[in-house]
Amino acid sequence: MATSMVCLVALCLVSPLLLAGAVVGNPGYGGLFPQFYDHSCPKAKEMVHSIVAQAVARETRMAASLVRLHFHDCFVKGCDASVLLDNSTNIISEKGSNPNKNSLRGFEVVDQIKAALEAACPGTVSCADILALAARDSTILVGGPFWDVPLGRRDSLGASIQGSNQGIPAPNNTLPTIITKFKRLGLNVVDVVALSGGHTIGLSRCTSFRQRLYNQSGNGLADGTLDVSYAAQLRQGCPRSGGDDNLFPLDIVSSTKFDNYYFKNILAGRGLLSSDEVLLTKSAETAALVKAYANDVHLFFQHFAQSMVNMGNITPLTGSQGEIRKNCRRLNNFH
């Protein structure tokens, strides 16, 4: 049964409809299309790529940080750059929310991109589109797949710290909660597992997985699904108390390379976060996907690329909605 389930899911997932390049490049895709700036700012994509490449060359971790920034933007009010707004008279910044505080980063890279684009094409390229392009370029720069980024998003006129606290999937959420948070945004179980694969790069803080090492179920015991030697290794740098901000690779094998070792690690009981491990242990459907991606890096890459397009299409502001911010950290009518 388990084997047939894997084959069934894997076959279903490579259907031409899901992976059709036409879907990605279709001008009707939520009103966004990859050629949006071809006339108004023809060098926009090139400029974003150049600055992201410099940033990732300075610090490989920045690739993961920029992918996460786009994710944390899209899951709150849609992909509208609300996550970039600083505190002001009328705005409580999402940067202070539980998922973002002391961990979300990459803002200075976005500032640098925005300054370059404003110099070249004033008031043209949105901060929301910068986040979408920077996430794609970051993925490519560390060995991941390419996808055409549909463009044409505009920037929000507000932020939602409540949405950030409640809507972003957390490391200790149950699998049904995580799936619900995706589904309410129009994403599905394939998107859950494929986008979780973004954890093939980057680092996580001790505070995000400590409960797995010491008290997973309230009984004072470590998580039984965690490989014993891996757990012992983690405890050395993540004590019962203190060390909250100590950093650990989400993918213990190749944390600076975008590959499918994240899924292979989960199969070996070496997924770092509870939200990683439950993909294998709590659902036959998600487990089949974990196994399919562990076995076939090309399948993972195809699905990750499509799921990033799907996520990037969450309720964008288009047309005359919102604005094109001159400075990504504040509204144009900032006082």
# chains A, B, ... in the order shown; residues from 1 in each chain; ligands from 1
>>> residues_around(residues="A:Gln166", least_positions_apart="2", cutoff="10 Å", atoms="only C-alpha atoms", output="PyMOL selection string")
chain A and resi 75-76+97-99+160-164+168-170+181
>>> residues_around(residues="A:Ile92", least_positions_apart="3", cutoff="7 Å", atoms="only C-alpha atoms", output="PyMOL selection string")
chain A and resi 87-88+159+161
>>> write_last_selection(atoms="all heavy atoms", output="PDB file, in the first residue's frame")
ATOM      1  N   ASN A  87       7.756  50.585  11.880  1.00  0.00           N
ATOM      2  CA  ASN A  87       6.784  51.265  12.742  1.00  0.00           C
ATOM      3  C   ASN A  87       6.685  52.739  12.365  1.00  0.00           C
ATOM      4  O   ASN A  87       7.693  53.379  12.045  1.00  0.00           O
ATOM      5  CB  ASN A  87       7.215  51.172  14.210  1.00  0.00           C
ATOM      6  CG  ASN A  87       6.946  49.803  14.808  1.00  0.00           C
ATOM      7  OD1 ASN A  87       5.901  49.213  14.570  1.00  0.00           O
ATOM      8  ND2 ASN A  87       7.889  49.287  15.575  1.00  0.00           N
ATOM      9  N   SER A  88       5.465  53.271  12.384  1.00  0.00           N
ATOM     10  CA  SER A  88       5.266  54.704  12.175  1.00  0.00           C
ATOM     11  C   SER A  88       3.984  55.094  12.910  1.00  0.00           C
ATOM     12  O   SER A  88       3.391  54.275  13.612  1.00  0.00           O
ATOM     13  CB  SER A  88       5.165  55.037  10.685  1.00  0.00           C
ATOM     14  OG  SER A  88       4.025  54.421  10.135  1.00  0.00           O
ATOM     15  N   ALA A 159       0.005  47.334   7.328  1.00  0.00           N
ATOM     16  CA  ALA A 159       0.619  46.080   7.765  1.00  0.00           C
ATOM     17  C   ALA A 159      -0.330  45.406   8.744  1.00  0.00           C
ATOM     18  O   ALA A 159      -1.303  46.009   9.184  1.00  0.00           O
ATOM     19  CB  ALA A 159       1.971  46.362   8.429  1.00  0.00           C
ATOM     20  N   ILE A 161       0.263  43.086  12.135  1.00  0.00           N
ATOM     21  CA  ILE A 161       1.052  42.273  13.072  1.00  0.00           C
ATOM     22  C   ILE A 161       0.220  41.093  13.565  1.00  0.00           C
ATOM     23  O   ILE A 161       0.736  40.008  13.804  1.00  0.00           O
ATOM     24  CB  ILE A 161       1.606  43.131  14.239  1.00  0.00           C
ATOM     25  CG1 ILE A 161       2.656  42.329  15.021  1.00  0.00           C
ATOM     26  CG2 ILE A 161       0.484  43.641  15.137  1.00  0.00           C
ATOM     27  CD1 ILE A 161       3.483  43.137  15.985  1.00  0.00           C
TER      28      ILE A 161
END
>>> closest_residue(among="A:Lys183, A:Lys257, A:Arg210, A:Lys291", to="A:Pro145", atoms="only C-alpha atoms")
A:Lys257
>>> residues_around(residues="A:Gly224", least_positions_apart="3", cutoff="12 Å", atoms="only C-alpha atoms", output="mmCIF file with C-alpha atoms, in the first residue's frame")
data_model
loop_
_atom_site.group_PDB
_atom_site.id
_atom_site.type_symbol
_atom_site.label_atom_id
_atom_site.label_comp_id
_atom_site.auth_asym_id
_atom_site.auth_seq_id
_atom_site.Cartn_x
_atom_site.Cartn_y
_atom_site.Cartn_z
ATOM 1 C CA GLN A 211 11.060 21.270 22.831
ATOM 2 C CA ARG A 212 11.987 18.338 20.544
ATOM 3 C CA LEU A 213 15.208 17.794 22.505
ATOM 4 C CA TYR A 214 13.838 17.870 26.032
ATOM 5 C CA ASN A 215 10.059 17.774 26.318
ATOM 6 C CA GLN A 216 8.234 17.115 23.061
ATOM 7 C CA SER A 217 4.976 15.781 24.516
ATOM 8 C CA ASN A 219 6.487 14.045 29.493
ATOM 9 C CA GLY A 220 10.071 15.273 29.845
ATOM 10 C CA LEU A 221 11.272 13.086 26.983
ATOM 11 C CA ASP A 227 17.583 10.311 15.453
ATOM 12 C CA VAL A 228 19.302 9.718 18.822
ATOM 13 C CA TYR A 230 21.511 13.810 15.967
ATOM 14 C CA ALA A 231 19.535 14.821 19.081
ATOM 15 C CA GLY A 269 15.041 11.146 11.505
ATOM 16 C CA ARG A 270 17.253 14.181 10.992
ATOM 17 C CA SER A 274 8.892 19.436 14.377
ATOM 18 C CA GLU A 277 9.339 15.756 10.798
ATOM 19 C CA VAL A 278 5.514 15.692 10.857
ATOM 20 C CA THR A 281 4.990 10.892 10.443
#
>>> select_by_dssp(residues="stretch 127-294 of chain A", states="strand (DSSP E)", output="PyMOL selection string")
chain A and resi 203-205+247-249
>>> select_by_dssp(residues="stretch 3-198 of chain A", states="alpha helix (DSSP H)", output="PyMOL selection string")
chain A and resi 3-13+16-19+21-25+44-58+61-74+107-120+127-141+161-167+175-183+189-196
>>> residues_around(residues="A:Gly158", least_positions_apart="3", cutoff="12 Å", atoms="only C-alpha atoms", output="PyMOL selection string")
chain A and resi 76-78+80-94+155+161+163+322-323+325+328-334
>>> residues_around(residues="A:Phe263", least_positions_apart="3", cutoff="6 Å", atoms="only C-alpha atoms", output="ChimeraX atom specification")
/A:260,266,290,294
